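Q: Input start_9.cif, format and content: mmCIF, C-alpha atoms.
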data_final
#
loop_
_atom_site.group_PDB
_atom_site.id
_atom_site.type_symbol
_atom_site.label_atom_id
_atom_site.label_comp_id
_atom_site.auth_asym_id
_atom_site.auth_seq_id
_atom_site.Cartn_x
_atom_site.Cartn_y
_atom_site.Cartn_z
ATOM 1 C CA SER M 1 -25.635 75.495 -1.088
ATOM 2 C CA TYR M 2 -28.812 73.688 -2.050
ATOM 3 C CA GLY M 3 -30.966 75.712 0.397
ATOM 4 C CA ALA M 4 -29.814 79.028 -1.083
ATOM 5 C CA ILE M 5 -30.707 77.836 -4.573
ATOM 6 C CA ILE M 6 -34.186 76.774 -3.458
ATOM 7 C CA LEU M 7 -34.780 80.098 -1.670
ATOM 8 C CA SER M 8 -33.608 82.082 -4.687
ATOM 9 C CA GLN M 9 -36.296 80.463 -6.805
ATOM 10 C CA VAL M 10 -39.173 81.428 -4.508
ATOM 11 C CA ALA M 11 -41.383 84.069 -6.115
ATOM 12 C CA ARG M 12 -42.146 87.137 -4.032
ATOM 13 C CA ASN M 13 -45.235 89.144 -4.855
ATOM 14 C CA TYR M 14 -44.324 92.337 -3.020
ATOM 15 C CA THR M 15 -44.465 94.537 -6.107
ATOM 16 C CA MET M 16 -47.923 93.298 -7.059
ATOM 17 C CA PHE M 17 -49.025 93.641 -3.443
ATOM 18 C CA LEU M 18 -47.930 97.274 -3.327
ATOM 19 C CA LEU M 19 -49.658 97.956 -6.648
ATOM 20 C CA PHE M 20 -52.974 96.521 -5.440
ATOM 21 C CA LEU M 21 -52.613 98.218 -2.061
ATOM 22 C CA SER M 22 -51.991 101.562 -3.752
ATOM 23 C CA LEU M 23 -55.029 101.078 -5.976
ATOM 24 C CA GLN M 24 -57.121 100.164 -2.953
ATOM 25 C CA PHE M 25 -56.049 103.360 -1.201
ATOM 26 C CA LEU M 26 -56.665 105.417 -4.347
ATOM 27 C CA PHE M 27 -60.230 104.165 -4.643
ATOM 28 C CA TYR M 28 -60.760 104.717 -0.922
ATOM 29 C CA LEU M 29 -59.790 108.370 -1.362
ATOM 30 C CA ARG M 30 -61.997 108.661 -4.441
ATOM 31 C CA TYR M 31 -64.897 107.103 -2.530
ATOM 32 C CA ARG M 32 -64.454 109.609 0.304
ATOM 33 C CA LYS M 33 -64.682 112.435 -2.214
ATOM 34 C CA THR M 34 -67.541 111.220 -4.431
ATOM 35 C CA ARG M 35 -69.433 108.582 -2.362
ATOM 36 C CA ARG M 36 -70.133 106.596 -5.529
ATOM 37 C CA ILE M 37 -70.717 102.862 -5.435
ATOM 38 C CA LYS M 38 -68.284 102.298 -8.325
ATOM 39 C CA GLU M 39 -65.330 103.531 -6.256
ATOM 40 C CA LEU M 40 -66.524 101.499 -3.292
ATOM 41 C CA ALA M 41 -66.706 98.335 -5.390
ATOM 42 C CA LEU M 42 -63.230 98.915 -6.825
ATOM 43 C CA TYR M 43 -61.902 99.602 -3.335
ATOM 44 C CA GLY M 44 -63.231 96.250 -2.179
ATOM 45 C CA PHE M 45 -62.009 94.459 -5.299
ATOM 46 C CA PHE M 46 -58.432 95.690 -4.994
ATOM 47 C CA GLY M 47 -58.496 95.045 -1.253
ATOM 48 C CA ILE M 48 -59.393 91.408 -1.848
ATOM 49 C CA ILE M 49 -56.703 91.044 -4.500
ATOM 50 C CA ALA M 50 -54.127 92.662 -2.192
ATOM 51 C CA LEU M 51 -55.165 90.239 0.541
ATOM 52 C CA CYS M 52 -54.788 87.297 -1.827
ATOM 53 C CA THR M 53 -51.339 88.512 -2.834
ATOM 54 C CA HIS M 54 -49.973 89.013 0.696
ATOM 55 C CA TYR M 55 -51.410 88.522 4.159
ATOM 56 C CA ALA M 56 -50.513 92.076 5.205
ATOM 57 C CA GLY M 57 -53.439 93.293 3.090
ATOM 58 C CA ILE M 58 -55.739 92.649 6.037
ATOM 59 C CA ILE M 59 -53.677 95.015 8.181
ATOM 60 C CA ALA M 60 -53.897 97.777 5.575
ATOM 61 C CA SER M 61 -57.651 97.279 5.214
ATOM 62 C CA LEU M 62 -58.113 97.457 8.974
ATOM 63 C CA VAL M 63 -56.111 100.678 9.186
ATOM 64 C CA ILE M 64 -58.195 102.281 6.416
ATOM 65 C CA THR M 65 -61.392 101.093 8.117
ATOM 66 C CA LEU M 66 -60.338 102.482 11.489
ATOM 67 C CA ALA M 67 -59.436 105.804 9.886
ATOM 68 C CA PHE M 68 -62.816 105.993 8.145
ATOM 69 C CA VAL M 69 -64.812 105.095 11.255
ATOM 70 C CA SER M 70 -62.862 107.479 13.482
ATOM 71 C CA GLU M 71 -63.338 110.272 10.957
ATOM 72 C CA TYR M 72 -67.051 109.503 10.800
ATOM 73 C CA TRP M 73 -67.418 109.549 14.582
ATOM 74 C CA ALA M 74 -65.348 112.705 14.960
ATOM 75 C CA SER M 75 -67.392 114.662 12.442
ATOM 76 C CA LYS M 76 -70.114 116.900 13.804
ATOM 77 C CA ARG M 77 -72.375 116.379 10.792
ATOM 78 C CA GLN M 78 -75.487 114.304 11.218
ATOM 79 C CA GLN M 79 -74.961 111.655 8.586
ATOM 80 C CA PRO M 80 -76.469 108.198 8.359
ATOM 81 C CA PHE M 81 -74.000 105.470 9.207
ATOM 82 C CA PRO M 82 -72.380 104.083 6.015
ATOM 83 C CA TYR M 83 -73.587 100.482 6.285
ATOM 84 C CA VAL M 84 -72.729 99.712 2.657
ATOM 85 C CA TRP M 85 -69.122 100.782 3.163
ATOM 86 C CA CYS M 86 -68.812 98.692 6.309
ATOM 87 C CA GLY M 87 -70.276 95.735 4.445
ATOM 88 C CA VAL M 88 -67.531 95.933 1.850
ATOM 89 C CA ASN M 89 -64.909 95.798 4.583
#
As structure tokens, what does this structure read like?

A:
Amino acid sequence: SYGAIILSQVARNYTMFLLFLSLQFLFYLRYRKTRRIKELALYGFFGIIALCTHYAGIIASLVITLAFVSEYWASKRQQPFPYVWCGVN
């Protein structure tokens, strides 16, 4: 049918979305380990690209943000609040 032909020609960006989401998570883990601005910038960059590729990128970013904030609040160390990291998100 004509509708099936039209739907078969629609491009899906799921593979690119998963690539950018994986890179975002990789740079999040690297930022947690090193606390360098370079990893933070790349985390934000790949998060924006993942969001532009598929709307579910916002859900993944929110989950990572909630994990980071809950880990920060659960830690007993007296650390300054990471305002720069929250600004990227």

Q: As AutoDock Vina command-line options, what would the box around segment 47-53 of chain M look like: edges along x, y and z, 8 Å added on every side, centre and edge lengths in Å to one decimal?

A:
--center_x -55.4 --center_y 91.2 --center_z -2.0 --size_x 24.1 --size_y 23.7 --size_z 21.0

Q: In file coordinates, which residues lie within 9 Å of (-63.9, 105.6, -7.5) using all atoms listed in the file, given as a PyMOL selection string?

A: chain M and resi 26-43

Q: Under the rule that all atoms listed in the file are counted, which of M:Ala74, M:Ala50, M:Ile59, M:Ile64 is the nearest residue to Leu19 of chain M?

A: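 Using all atoms listed in the file, the shortest distance to Leu19 of chain M belongs to M:Ala50.
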
Q: Using the chain letters and numbering of this document, enumerate as a ChimeraX atom specification the residues selected by the PyMOL selection byres ((chain M and resi 54) around 10).

A: /M:12-14,16-18,21,49-53,55-58

Q: Could you take the residues named above and write them with C-alpha atoms, as an mmCIF file, in the coordinates of the input?

A:
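The file below, out06.cif, is the result:
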data_model
loop_
_atom_site.group_PDB
_atom_site.id
_atom_site.type_symbol
_atom_site.label_atom_id
_atom_site.label_comp_id
_atom_site.auth_asym_id
_atom_site.auth_seq_id
_atom_site.Cartn_x
_atom_site.Cartn_y
_atom_site.Cartn_z
ATOM 1 C CA ARG M 12 -42.146 87.137 -4.032
ATOM 2 C CA ASN M 13 -45.235 89.144 -4.855
ATOM 3 C CA TYR M 14 -44.324 92.337 -3.020
ATOM 4 C CA MET M 16 -47.923 93.298 -7.059
ATOM 5 C CA PHE M 17 -49.025 93.641 -3.443
ATOM 6 C CA LEU M 18 -47.930 97.274 -3.327
ATOM 7 C CA LEU M 21 -52.613 98.218 -2.061
ATOM 8 C CA ILE M 49 -56.703 91.044 -4.500
ATOM 9 C CA ALA M 50 -54.127 92.662 -2.192
ATOM 10 C CA LEU M 51 -55.165 90.239 0.541
ATOM 11 C CA CYS M 52 -54.788 87.297 -1.827
ATOM 12 C CA THR M 53 -51.339 88.512 -2.834
ATOM 13 C CA TYR M 55 -51.410 88.522 4.159
ATOM 14 C CA ALA M 56 -50.513 92.076 5.205
ATOM 15 C CA GLY M 57 -53.439 93.293 3.090
ATOM 16 C CA ILE M 58 -55.739 92.649 6.037
#

Q: What is the atom CA of Phe46 of chain M-atom CA of Phe20 of chain M distance in Å, reported with one decimal?

A: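 Atom CA of Phe46 of chain M sits 5.5 Å away from atom CA of Phe20 of chain M.
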
Q: Please indicate the distance in Å from atom CA of Phe25 of chain M to atom CA of Leu66 of chain M, rounded to one decimal place.

A: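 One can read the atom CA of Phe25 of chain M to atom CA of Leu66 of chain M distance as 13.4 Å.
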
Q: One decimal, Å: what's the distance from atom CA of Ala60 of chain M over to atom CA of Gln24 of chain M, could you say?

A: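 Between atom CA of Ala60 of chain M and atom CA of Gln24 of chain M the gap is 9.4 Å.
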